[in-house]
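J.: One structure follows; several queries about it will come next.
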Amino acid sequence: MDKEQIFGMAEKEMEYRVELFNKLTQTCFNKCIDKKYKENELNMGENTCIDRCVAKYWQVTNLVGQLLGSQRPM
Amino acid sequence: MDKEQIFGMAEKEMEYRVELFNKLTQTCFNKCIDKKYKENELNMGENTCIDRCVAKYWQVTNLVGQLLGSQRPM
Amino acid sequence: MDKEQIFGMAEKEMEYRVELFNKLTQTCFNKCIDKKYKENELNMGENTCIDRCVAKYWQVTNLVGQLLGSQRPM
Amino acid sequence: MDKSMLGDLSSLTEEDQVKMTTMIDQLQIRDSLRMYNSLVERCFTDCVDNFQRQTLGKQEETCVRRCAEKFLKHSMRVGLRFSELNSGKATTD
Amino acid sequence: MDKSMLGDLSSLTEEDQVKMTTMIDQLQIRDSLRMYNSLVERCFTDCVDNFQRQTLGKQEETCVRRCAEKFLKHSMRVGLRFSELNSGKATTD
Amino acid sequence: MDKSMLGDLSSLTEEDQVKMTTMIDQLQIRDSLRMYNSLVERCFTDCVDNFQRQTLGKQEETCVRRCAEKFLKHSMRVGLRFSELNSGKATTD
């Protein structure tokens, strides 16, 4: 691949990662954080939930990746 | 229009179609597919619903296009 | 900053404003407009709600901007 | 979204002004295509729930028309209020 | 999203055709990455609600598999109907 | 999203490294603008429901502050866990 393509691939890889991170962040916020916002600190339960939510989101990312098999873009 | 503009227009046309297809796919999935995912095949009812949903989405696309009239971008 | 960077910054500034305007429009439509669409005109209550919704959205934009403090991108 | 968004272009050279205006036009075309797509998505989602038949019913069509017209009027009003806020003379309640 | 989207390319010069096809390929790669991300988001949201443990349960895994498979089959069927509509021979009910 | 995302840049020429870093910086600026916009959208949606008056109430303001602070803290924690997973030493439950 020439330099042009290398930069193109690098850019898509990064856009993919940024989007993955943003969706992970939004989804786990919806799943773990109480929307009544009673205080501005994250409590113990929310912290544990966030850690597990990230771990499970990661597992689902890999699982769907296997299912997409060869089609898997990355 | 010079070549630059032709490519620009072609790119926007494609981005528009890709987004139209993605919104159509997501919307009809929400309308037609049972979220309990009891099996991994689409059943008869879901297939019929998908066909009709695509047809109706297409009609709404055209209807809104007429309403936008001259403003219609494409 | 050279010309390249000036154009780059101008483009991001515009993308930011377009997205701000779109999110403002979608959010206030959800908050103010009755989804039963009984007529095709905006009634008095809806118009007042839209004006106040835009004003309050603007205040929240500034408030969050202060909170982001130095991190504030713009 | 109009040219005023970018303030005073006169400080730019002739050639840069053309480049800037083209960039704004490109962004506006892309933005109106996106608005068109999301308007269709929103009015379809709000107005079409029944898939017994393959063609749009009378009521569904009326609902889509009203939804689209209301959204366009709403969007114009938001644009007015938005530019007032932008130019600093917000209306007082 | 296939090349036919853009109709007849033959009117373009050799070099422009290459440029056009590369543009389509770039768009398809970006689109499939986005589809991958939103499929993960959708199936996670629909299938994973319990955070007592840190690893995916049996039931959650089955649900994610079915969700992903159903979405892919759904997406293919929509693609078929969409290209029929595009080429004007819509199926009559 | 930090430079480590792209692994080892040293294999690139001086000039390419500059080009790569500028690309990453551009992406980060665009990403933080998007994050800013979606944080405003989320906290407004969650905290502001009453349009009797035109100015933000005391309670609404507190809610927005807490929502934004919680989201930033949440986002940082997700970033930590994410980079752990990325570098392969996931925490065991």
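Order determines the names: the first chain of the structure tokens is A, the second B, and so forth; residues in each chain are numbered 1 upward, and ligands are numbered 1 upward as they are shown.
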Taking the DSSP assignment computed from this structure's backbone, write out as a ChimeraX atom specification all residues of chain C that belong to alpha helix (DSSP H).
T.: /C:3-32,44-68
J.: Would you give me, as an mmCIF file with N, CA, C and O atoms, in the first residue's frame, the residues of chain D that come within 9 Å of chain B, using only C-alpha atoms?
T.:
```
data_model
loop_
_atom_site.group_PDB
_atom_site.id
_atom_site.type_symbol
_atom_site.label_atom_id
_atom_site.label_comp_id
_atom_site.auth_asym_id
_atom_site.auth_seq_id
_atom_site.Cartn_x
_atom_site.Cartn_y
_atom_site.Cartn_z
ATOM 1 N N GLN D 26 -20.644 23.795 0.725
ATOM 2 C CA GLN D 26 -20.576 22.325 0.818
ATOM 3 C C GLN D 26 -21.233 21.866 2.116
ATOM 4 O O GLN D 26 -22.028 20.921 2.131
ATOM 5 N N ILE D 29 -25.026 22.120 1.939
ATOM 6 C CA ILE D 29 -25.673 21.066 1.140
ATOM 7 C C ILE D 29 -25.715 19.779 1.964
ATOM 8 O O ILE D 29 -26.759 19.133 2.106
ATOM 9 N N ARG D 30 -24.565 19.459 2.588
ATOM 10 C CA ARG D 30 -24.524 18.215 3.374
ATOM 11 C C ARG D 30 -25.533 18.302 4.525
ATOM 12 O O ARG D 30 -26.275 17.357 4.793
ATOM 13 N N SER D 32 -28.317 20.052 4.686
ATOM 14 C CA SER D 32 -29.738 19.970 4.283
ATOM 15 C C SER D 32 -30.081 18.539 3.873
ATOM 16 O O SER D 32 -31.211 18.087 4.091
ATOM 17 N N LEU D 33 -29.118 17.798 3.325
ATOM 18 C CA LEU D 33 -29.380 16.382 3.011
ATOM 19 C C LEU D 33 -29.627 15.619 4.310
ATOM 20 O O LEU D 33 -30.539 14.792 4.417
ATOM 21 N N ARG D 34 -28.825 15.951 5.332
ATOM 22 C CA ARG D 34 -28.997 15.246 6.616
ATOM 23 C C ARG D 34 -30.329 15.604 7.242
ATOM 24 O O ARG D 34 -31.028 14.754 7.802
ATOM 25 N N TYR D 36 -33.023 16.452 5.688
ATOM 26 C CA TYR D 36 -34.059 15.754 4.898
ATOM 27 C C TYR D 36 -34.187 14.316 5.409
ATOM 28 O O TYR D 36 -35.279 13.853 5.746
ATOM 29 N N ASN D 37 -33.058 13.615 5.555
ATOM 30 C CA ASN D 37 -33.075 12.226 6.021
ATOM 31 C C ASN D 37 -33.679 12.110 7.422
ATOM 32 O O ASN D 37 -34.466 11.202 7.691
ATOM 33 N N SER D 38 -33.315 13.056 8.328
ATOM 34 C CA SER D 38 -33.841 12.892 9.702
ATOM 35 C C SER D 38 -35.301 13.307 9.791
ATOM 36 O O SER D 38 -36.031 12.781 10.640
ATOM 37 N N LEU D 39 -35.735 14.203 8.903
ATOM 38 C CA LEU D 39 -37.157 14.577 8.901
ATOM 39 C C LEU D 39 -38.002 13.367 8.469
ATOM 40 O O LEU D 39 -39.024 13.057 9.069
ATOM 41 N N VAL D 40 -37.538 12.655 7.434
ATOM 42 C CA VAL D 40 -38.246 11.452 6.974
ATOM 43 C C VAL D 40 -38.293 10.424 8.106
ATOM 44 O O VAL D 40 -39.340 9.877 8.449
ATOM 45 N N GLU D 41 -37.136 10.212 8.759
ATOM 46 C CA GLU D 41 -37.039 9.214 9.837
ATOM 47 C C GLU D 41 -38.013 9.570 10.971
ATOM 48 O O GLU D 41 -38.764 8.737 11.455
ATOM 49 N N CYS D 43 -40.760 11.631 11.010
ATOM 50 C CA CYS D 43 -42.204 11.611 10.695
ATOM 51 C C CYS D 43 -42.669 10.185 10.412
ATOM 52 O O CYS D 43 -43.784 9.807 10.747
ATOM 53 N N PHE D 44 -41.805 9.358 9.819
ATOM 54 C CA PHE D 44 -42.181 7.943 9.620
ATOM 55 C C PHE D 44 -42.358 7.276 10.977
ATOM 56 O O PHE D 44 -43.369 6.611 11.247
ATOM 57 N N THR D 45 -41.394 7.478 11.886
ATOM 58 C CA THR D 45 -41.444 6.844 13.205
ATOM 59 C C THR D 45 -42.688 7.281 13.975
ATOM 60 O O THR D 45 -43.376 6.462 14.578
ATOM 61 N N VAL D 48 -46.179 6.222 11.257
ATOM 62 C CA VAL D 48 -46.482 4.939 10.591
ATOM 63 C C VAL D 48 -46.195 3.775 11.538
ATOM 64 O O VAL D 48 -45.051 3.515 11.895
ATOM 65 N N ASP D 49 -47.286 3.110 12.007
ATOM 66 C CA ASP D 49 -47.110 2.016 12.957
ATOM 67 C C ASP D 49 -47.760 0.743 12.495
ATOM 68 O O ASP D 49 -47.610 -0.298 13.097
ATOM 69 N N ASN D 50 -48.498 0.797 11.408
ATOM 70 C CA ASN D 50 -49.304 -0.362 11.012
ATOM 71 C C ASN D 50 -48.809 -0.900 9.673
ATOM 72 O O ASN D 50 -48.652 -0.149 8.716
ATOM 73 N N PHE D 51 -48.545 -2.188 9.624
ATOM 74 C CA PHE D 51 -47.994 -2.764 8.388
ATOM 75 C C PHE D 51 -48.885 -3.865 7.849
ATOM 76 O O PHE D 51 -48.426 -4.872 7.347
ATOM 77 N N GLN D 52 -50.226 -3.640 7.979
ATOM 78 C CA GLN D 52 -51.177 -4.576 7.371
ATOM 79 C C GLN D 52 -51.137 -4.445 5.862
ATOM 80 O O GLN D 52 -51.298 -5.398 5.123
ATOM 81 N N ARG D 53 -50.887 -3.213 5.403
ATOM 82 C CA ARG D 53 -50.866 -3.039 3.936
ATOM 83 C C ARG D 53 -49.537 -2.395 3.518
ATOM 84 O O ARG D 53 -48.771 -1.911 4.351
ATOM 85 N N GLN D 54 -49.311 -2.347 2.259
ATOM 86 C CA GLN D 54 -48.003 -1.905 1.751
ATOM 87 C C GLN D 54 -48.013 -0.440 1.339
ATOM 88 O O GLN D 54 -46.991 0.133 1.026
ATOM 89 N N THR D 55 -49.227 0.165 1.313
ATOM 90 C CA THR D 55 -49.243 1.577 0.898
ATOM 91 C C THR D 55 -49.711 2.452 2.046
ATOM 92 O O THR D 55 -50.489 2.027 2.898
ATOM 93 N N LEU D 56 -49.242 3.683 2.046
ATOM 94 C CA LEU D 56 -49.524 4.673 3.079
ATOM 95 C C LEU D 56 -51.022 4.946 3.136
ATOM 96 O O LEU D 56 -51.647 5.163 2.106
ATOM 97 N N GLU D 61 -50.769 9.627 5.803
ATOM 98 C CA GLU D 61 -50.250 10.672 4.897
ATOM 99 C C GLU D 61 -50.474 12.058 5.507
ATOM 100 O O GLU D 61 -49.572 12.897 5.533
ATOM 101 N N VAL D 64 -48.003 12.609 8.276
ATOM 102 C CA VAL D 64 -46.646 12.905 7.787
ATOM 103 C C VAL D 64 -46.563 14.348 7.300
ATOM 104 O O VAL D 64 -45.612 15.074 7.609
ATOM 105 N N ARG D 65 -47.590 14.800 6.565
ATOM 106 C CA ARG D 65 -47.605 16.197 6.072
ATOM 107 C C ARG D 65 -47.532 17.166 7.249
ATOM 108 O O ARG D 65 -46.701 18.083 7.267
ATOM 109 N N ALA D 68 -44.125 17.101 9.009
ATOM 110 C CA ALA D 68 -43.064 17.782 8.234
ATOM 111 C C ALA D 68 -43.269 19.292 8.274
ATOM 112 O O ALA D 68 -42.329 20.053 8.528
ATOM 113 N N GLU D 69 -44.522 19.726 8.077
ATOM 114 C CA GLU D 69 -44.763 21.178 8.065
ATOM 115 C C GLU D 69 -44.465 21.791 9.430
ATOM 116 O O GLU D 69 -43.820 22.832 9.545
ATOM 117 N N LEU D 72 -40.704 22.056 9.941
ATOM 118 C CA LEU D 72 -40.072 23.146 9.174
ATOM 119 C C LEU D 72 -40.361 24.497 9.831
ATOM 120 O O LEU D 72 -39.462 25.332 9.998
#
```
J.: Would you mind aligning chain B to chain C, a least-squares fit over all C-alpha atoms taken in order, and returning the superposed chain as a compact mmCIF listing (two decimals) with N, CA, C and O atoms, in the first residue's frame?
T.:
```txt
# COMPACT_ATOMS: atom_id res chain seq x y z
N MET B 1 -0.60 30.95 12.98
CA MET B 1 -1.16 29.78 12.27
C MET B 1 -1.14 30.05 10.76
O MET B 1 -1.49 31.14 10.31
N ASP B 2 -0.79 29.01 9.98
CA ASP B 2 -0.77 29.26 8.54
C ASP B 2 -2.18 29.11 7.98
O ASP B 2 -3.13 28.75 8.70
N LYS B 3 -2.32 29.38 6.72
CA LYS B 3 -3.66 29.44 6.11
C LYS B 3 -4.38 28.09 6.28
O LYS B 3 -5.55 28.03 6.60
N GLU B 4 -3.61 27.02 6.10
CA GLU B 4 -4.18 25.67 6.21
C GLU B 4 -4.92 25.53 7.55
O GLU B 4 -6.07 25.10 7.63
N GLN B 5 -4.24 25.95 8.62
CA GLN B 5 -4.82 25.78 9.97
C GLN B 5 -6.03 26.69 10.14
O GLN B 5 -7.00 26.32 10.79
N ILE B 6 -5.95 27.89 9.54
CA ILE B 6 -7.08 28.83 9.70
C ILE B 6 -8.34 28.21 9.09
O ILE B 6 -9.41 28.17 9.70
N PHE B 7 -8.17 27.63 7.89
CA PHE B 7 -9.33 27.00 7.25
C PHE B 7 -9.81 25.81 8.07
O PHE B 7 -11.00 25.58 8.25
N GLY B 8 -8.83 25.06 8.63
CA GLY B 8 -9.20 23.89 9.44
C GLY B 8 -10.04 24.31 10.63
O GLY B 8 -11.10 23.73 10.90
N MET B 9 -9.58 25.35 11.30
CA MET B 9 -10.31 25.81 12.49
C MET B 9 -11.70 26.31 12.10
O MET B 9 -12.70 26.01 12.74
N ALA B 10 -11.75 27.07 10.98
CA ALA B 10 -13.04 27.63 10.53
C ALA B 10 -14.02 26.49 10.26
O ALA B 10 -15.19 26.54 10.65
N GLU B 11 -13.52 25.43 9.63
CA GLU B 11 -14.41 24.31 9.29
C GLU B 11 -14.94 23.65 10.56
O GLU B 11 -16.14 23.37 10.66
N LYS B 12 -14.05 23.45 11.56
CA LYS B 12 -14.53 22.79 12.79
C LYS B 12 -15.52 23.69 13.52
O LYS B 12 -16.51 23.21 14.06
N GLU B 13 -15.25 24.99 13.54
CA GLU B 13 -16.17 25.94 14.17
C GLU B 13 -17.55 25.81 13.53
O GLU B 13 -18.58 25.72 14.20
N MET B 14 -17.58 25.73 12.20
CA MET B 14 -18.87 25.67 11.51
C MET B 14 -19.56 24.33 11.80
O MET B 14 -20.75 24.26 12.07
N GLU B 15 -18.77 23.24 11.74
CA GLU B 15 -19.38 21.92 12.01
C GLU B 15 -19.98 21.92 13.41
O GLU B 15 -21.07 21.39 13.64
N TYR B 16 -19.25 22.55 14.36
CA TYR B 16 -19.73 22.62 15.75
C TYR B 16 -21.06 23.37 15.81
O TYR B 16 -22.03 22.91 16.41
N ARG B 17 -21.14 24.53 15.12
CA ARG B 17 -22.36 25.34 15.16
C ARG B 17 -23.52 24.63 14.50
O ARG B 17 -24.65 24.66 14.98
N VAL B 18 -23.26 23.96 13.37
CA VAL B 18 -24.34 23.25 12.67
C VAL B 18 -24.88 22.15 13.58
O VAL B 18 -26.08 21.98 13.73
N GLU B 19 -23.97 21.43 14.26
CA GLU B 19 -24.41 20.33 15.13
C GLU B 19 -25.16 20.89 16.34
O GLU B 19 -26.18 20.34 16.75
N LEU B 20 -24.65 22.01 16.90
CA LEU B 20 -25.33 22.66 18.03
C LEU B 20 -26.76 23.02 17.61
O LEU B 20 -27.73 22.70 18.30
N PHE B 21 -26.90 23.65 16.43
CA PHE B 21 -28.23 24.08 15.96
C PHE B 21 -29.14 22.87 15.76
O PHE B 21 -30.31 22.88 16.17
N ASN B 22 -28.60 21.79 15.17
CA ASN B 22 -29.44 20.61 14.92
C ASN B 22 -29.90 19.96 16.22
O ASN B 22 -31.08 19.59 16.37
N LYS B 23 -28.99 19.84 17.19
CA LYS B 23 -29.37 19.22 18.47
C LYS B 23 -30.40 20.09 19.21
O LYS B 23 -31.35 19.59 19.78
N LEU B 24 -30.18 21.42 19.15
CA LEU B 24 -31.13 22.36 19.78
C LEU B 24 -32.50 22.18 19.15
O LEU B 24 -33.52 22.05 19.83
N THR B 25 -32.55 22.12 17.79
CA THR B 25 -33.82 22.00 17.07
C THR B 25 -34.52 20.69 17.42
O THR B 25 -35.72 20.68 17.77
N GLN B 26 -33.78 19.58 17.37
CA GLN B 26 -34.40 18.27 17.65
C GLN B 26 -34.88 18.20 19.11
O GLN B 26 -36.01 17.78 19.37
N THR B 27 -34.04 18.68 20.04
CA THR B 27 -34.39 18.57 21.47
C THR B 27 -35.63 19.40 21.80
O THR B 27 -36.56 18.92 22.45
N CYS B 28 -35.68 20.64 21.28
CA CYS B 28 -36.84 21.50 21.60
C CYS B 28 -38.10 21.01 20.88
O CYS B 28 -39.21 21.18 21.38
N PHE B 29 -37.93 20.35 19.73
CA PHE B 29 -39.12 19.77 19.07
C PHE B 29 -39.69 18.67 19.95
O PHE B 29 -40.90 18.61 20.19
N ASN B 30 -38.80 17.83 20.51
CA ASN B 30 -39.27 16.74 21.38
C ASN B 30 -39.92 17.30 22.64
O ASN B 30 -40.92 16.78 23.12
N LYS B 31 -39.39 18.42 23.16
CA LYS B 31 -39.91 18.96 24.42
C LYS B 31 -41.21 19.75 24.21
O LYS B 31 -42.03 19.84 25.10
N CYS B 32 -41.38 20.40 23.05
CA CYS B 32 -42.46 21.39 22.91
C CYS B 32 -43.60 20.95 21.99
O CYS B 32 -44.72 21.47 22.11
N ILE B 33 -43.36 20.06 21.03
CA ILE B 33 -44.38 19.82 20.01
C ILE B 33 -45.15 18.53 20.31
O ILE B 33 -44.56 17.48 20.56
N ASP B 34 -46.48 18.60 20.24
CA ASP B 34 -47.35 17.46 20.49
C ASP B 34 -47.27 16.50 19.31
O ASP B 34 -47.54 16.86 18.16
N LYS B 35 -46.88 15.23 19.62
CA LYS B 35 -46.59 14.26 18.55
C LYS B 35 -47.85 13.73 17.87
O LYS B 35 -47.75 12.91 16.95
N LYS B 36 -49.03 14.18 18.30
CA LYS B 36 -50.23 13.65 17.63
C LYS B 36 -50.49 14.44 16.35
O LYS B 36 -51.30 14.04 15.53
N TYR B 37 -49.77 15.58 16.19
CA TYR B 37 -49.86 16.36 14.95
C TYR B 37 -51.31 16.59 14.54
O TYR B 37 -51.73 16.20 13.46
N LYS B 38 -52.10 17.22 15.44
CA LYS B 38 -53.53 17.40 15.11
C LYS B 38 -53.71 18.48 14.06
O LYS B 38 -54.64 18.44 13.28
N GLU B 39 -52.83 19.49 14.00
CA GLU B 39 -52.93 20.45 12.89
C GLU B 39 -51.52 20.73 12.36
O GLU B 39 -50.57 20.28 12.94
N ASN B 40 -51.44 21.50 11.24
CA ASN B 40 -50.08 21.68 10.69
C ASN B 40 -49.50 23.05 11.03
O ASN B 40 -48.44 23.41 10.58
N GLU B 41 -50.24 23.82 11.87
CA GLU B 41 -49.68 25.09 12.35
C GLU B 41 -49.14 24.89 13.77
O GLU B 41 -49.61 24.03 14.51
N LEU B 42 -48.17 25.69 14.17
CA LEU B 42 -47.71 25.69 15.56
C LEU B 42 -48.70 26.55 16.35
O LEU B 42 -49.00 27.67 15.95
N ASN B 43 -49.23 26.04 17.48
CA ASN B 43 -50.18 26.87 18.25
C ASN B 43 -49.41 27.77 19.23
O ASN B 43 -48.19 27.68 19.35
N MET B 44 -50.17 28.61 19.92
CA MET B 44 -49.58 29.65 20.78
C MET B 44 -48.67 29.03 21.84
O MET B 44 -47.53 29.44 22.04
N GLY B 45 -49.19 27.98 22.47
CA GLY B 45 -48.42 27.33 23.55
C GLY B 45 -47.11 26.78 23.01
O GLY B 45 -46.05 26.96 23.62
N GLU B 46 -47.15 26.17 21.84
CA GLU B 46 -45.93 25.60 21.26
C GLU B 46 -44.92 26.71 20.95
O GLU B 46 -43.73 26.58 21.23
N ASN B 47 -45.40 27.83 20.41
CA ASN B 47 -44.48 28.92 20.07
C ASN B 47 -43.78 29.47 21.31
O ASN B 47 -42.56 29.67 21.32
N THR B 48 -44.55 29.68 22.38
CA THR B 48 -43.93 30.20 23.61
C THR B 48 -42.91 29.19 24.14
O THR B 48 -41.80 29.56 24.53
N CYS B 49 -43.30 27.92 24.10
CA CYS B 49 -42.41 26.87 24.61
C CYS B 49 -41.10 26.86 23.81
O CYS B 49 -40.02 26.79 24.38
N ILE B 50 -41.21 27.00 22.47
CA ILE B 50 -40.00 26.99 21.63
C ILE B 50 -39.07 28.13 22.03
O ILE B 50 -37.86 27.91 22.25
N ASP B 51 -39.62 29.34 22.18
CA ASP B 51 -38.78 30.49 22.53
C ASP B 51 -38.04 30.25 23.84
O ASP B 51 -36.83 30.47 23.95
N ARG B 52 -38.77 29.75 24.84
CA ARG B 52 -38.15 29.53 26.16
C ARG B 52 -37.16 28.37 26.12
O ARG B 52 -36.13 28.38 26.78
N CYS B 53 -37.48 27.36 25.30
CA CYS B 53 -36.61 26.19 25.21
C CYS B 53 -35.26 26.60 24.60
O CYS B 53 -34.21 26.21 25.11
N VAL B 54 -35.31 27.43 23.56
CA VAL B 54 -34.05 27.88 22.93
C VAL B 54 -33.23 28.68 23.93
O VAL B 54 -32.02 28.49 24.09
N ALA B 55 -33.92 29.58 24.66
CA ALA B 55 -33.22 30.43 25.63
C ALA B 55 -32.54 29.55 26.70
O ALA B 55 -31.36 29.72 27.02
N LYS B 56 -33.28 28.56 27.21
CA LYS B 56 -32.72 27.72 28.29
C LYS B 56 -31.61 26.82 27.77
O LYS B 56 -30.61 26.56 28.43
N TYR B 57 -31.77 26.33 26.53
CA TYR B 57 -30.73 25.47 25.94
C TYR B 57 -29.42 26.27 25.83
O TYR B 57 -28.34 25.76 26.10
N TRP B 58 -29.58 27.55 25.48
CA TRP B 58 -28.43 28.44 25.35
C TRP B 58 -27.73 28.61 26.70
O TRP B 58 -26.50 28.53 26.80
N GLN B 59 -28.56 28.77 27.75
CA GLN B 59 -27.97 28.93 29.10
C GLN B 59 -27.23 27.65 29.51
O GLN B 59 -26.14 27.70 30.09
N VAL B 60 -27.79 26.50 29.19
CA VAL B 60 -27.12 25.23 29.56
C VAL B 60 -25.82 25.09 28.77
O VAL B 60 -24.80 24.64 29.31
N THR B 61 -25.83 25.51 27.51
CA THR B 61 -24.60 25.45 26.69
C THR B 61 -23.50 26.26 27.37
O THR B 61 -22.36 25.78 27.51
N ASN B 62 -23.85 27.45 27.84
CA ASN B 62 -22.84 28.30 28.50
C ASN B 62 -22.41 27.71 29.83
O ASN B 62 -21.22 27.68 30.16
N LEU B 63 -23.37 27.19 30.60
CA LEU B 63 -23.06 26.61 31.92
C LEU B 63 -22.09 25.43 31.78
O LEU B 63 -21.06 25.36 32.44
N VAL B 64 -22.40 24.52 30.87
CA VAL B 64 -21.52 23.36 30.67
C VAL B 64 -20.16 23.84 30.15
O VAL B 64 -19.11 23.31 30.52
N GLY B 65 -20.17 24.88 29.35
CA GLY B 65 -18.92 25.45 28.85
C GLY B 65 -18.03 25.91 29.99
O GLY B 65 -16.84 25.59 30.06
N GLN B 66 -18.65 26.60 30.97
CA GLN B 66 -17.86 27.04 32.14
C GLN B 66 -17.31 25.82 32.88
O GLN B 66 -16.14 25.78 33.26
N LEU B 67 -18.16 24.80 33.07
CA LEU B 67 -17.73 23.61 33.82
C LEU B 67 -16.53 22.94 33.13
O LEU B 67 -15.59 22.50 33.75
N LEU B 68 -16.58 22.90 31.78
CA LEU B 68 -15.45 22.29 31.06
C LEU B 68 -14.22 23.17 31.19
O LEU B 68 -13.10 22.73 30.95
N GLY B 69 -14.47 24.44 31.54
CA GLY B 69 -13.37 25.37 31.82
C GLY B 69 -12.33 25.35 30.72
O GLY B 69 -12.67 25.37 29.54
N SER B 70 -11.08 25.25 31.10
CA SER B 70 -10.00 25.36 30.10
C SER B 70 -10.15 24.29 29.04
O SER B 70 -9.81 24.48 27.89
N GLN B 71 -10.75 23.18 29.41
CA GLN B 71 -10.89 22.11 28.41
C GLN B 71 -11.82 22.53 27.29
O GLN B 71 -11.90 21.89 26.27
N ARG B 72 -12.58 23.64 27.54
CA ARG B 72 -13.61 23.99 26.56
C ARG B 72 -12.93 24.18 25.21
O ARG B 72 -12.03 25.00 25.08
N PRO B 73 -13.34 23.37 24.27
CA PRO B 73 -12.65 23.38 22.98
C PRO B 73 -12.70 24.72 22.28
O PRO B 73 -11.75 25.16 21.66
N MET B 74 -13.83 25.43 22.42
CA MET B 74 -13.90 26.66 21.60
C MET B 74 -13.69 27.88 22.47
O MET B 74 -14.42 28.08 23.39
```
J.: Just to confirm, what's the straight-line distance from atom CA of Cys47 of chain E to atom CA of Thr62 of chain E in Å (one decimal)?
T.: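 For atom CA of Cys47 of chain E relative to atom CA of Thr62 of chain E, the distance reads 8.9 Å.
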J.: Would you compute the distance between atom CA of Leu12 of chain E and atom CA of Leu27 of chain E? Give it in Å to one decimal.
T.: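 Separating atom CA of Leu12 of chain E from atom CA of Leu27 of chain E is a distance of 19.5 Å.
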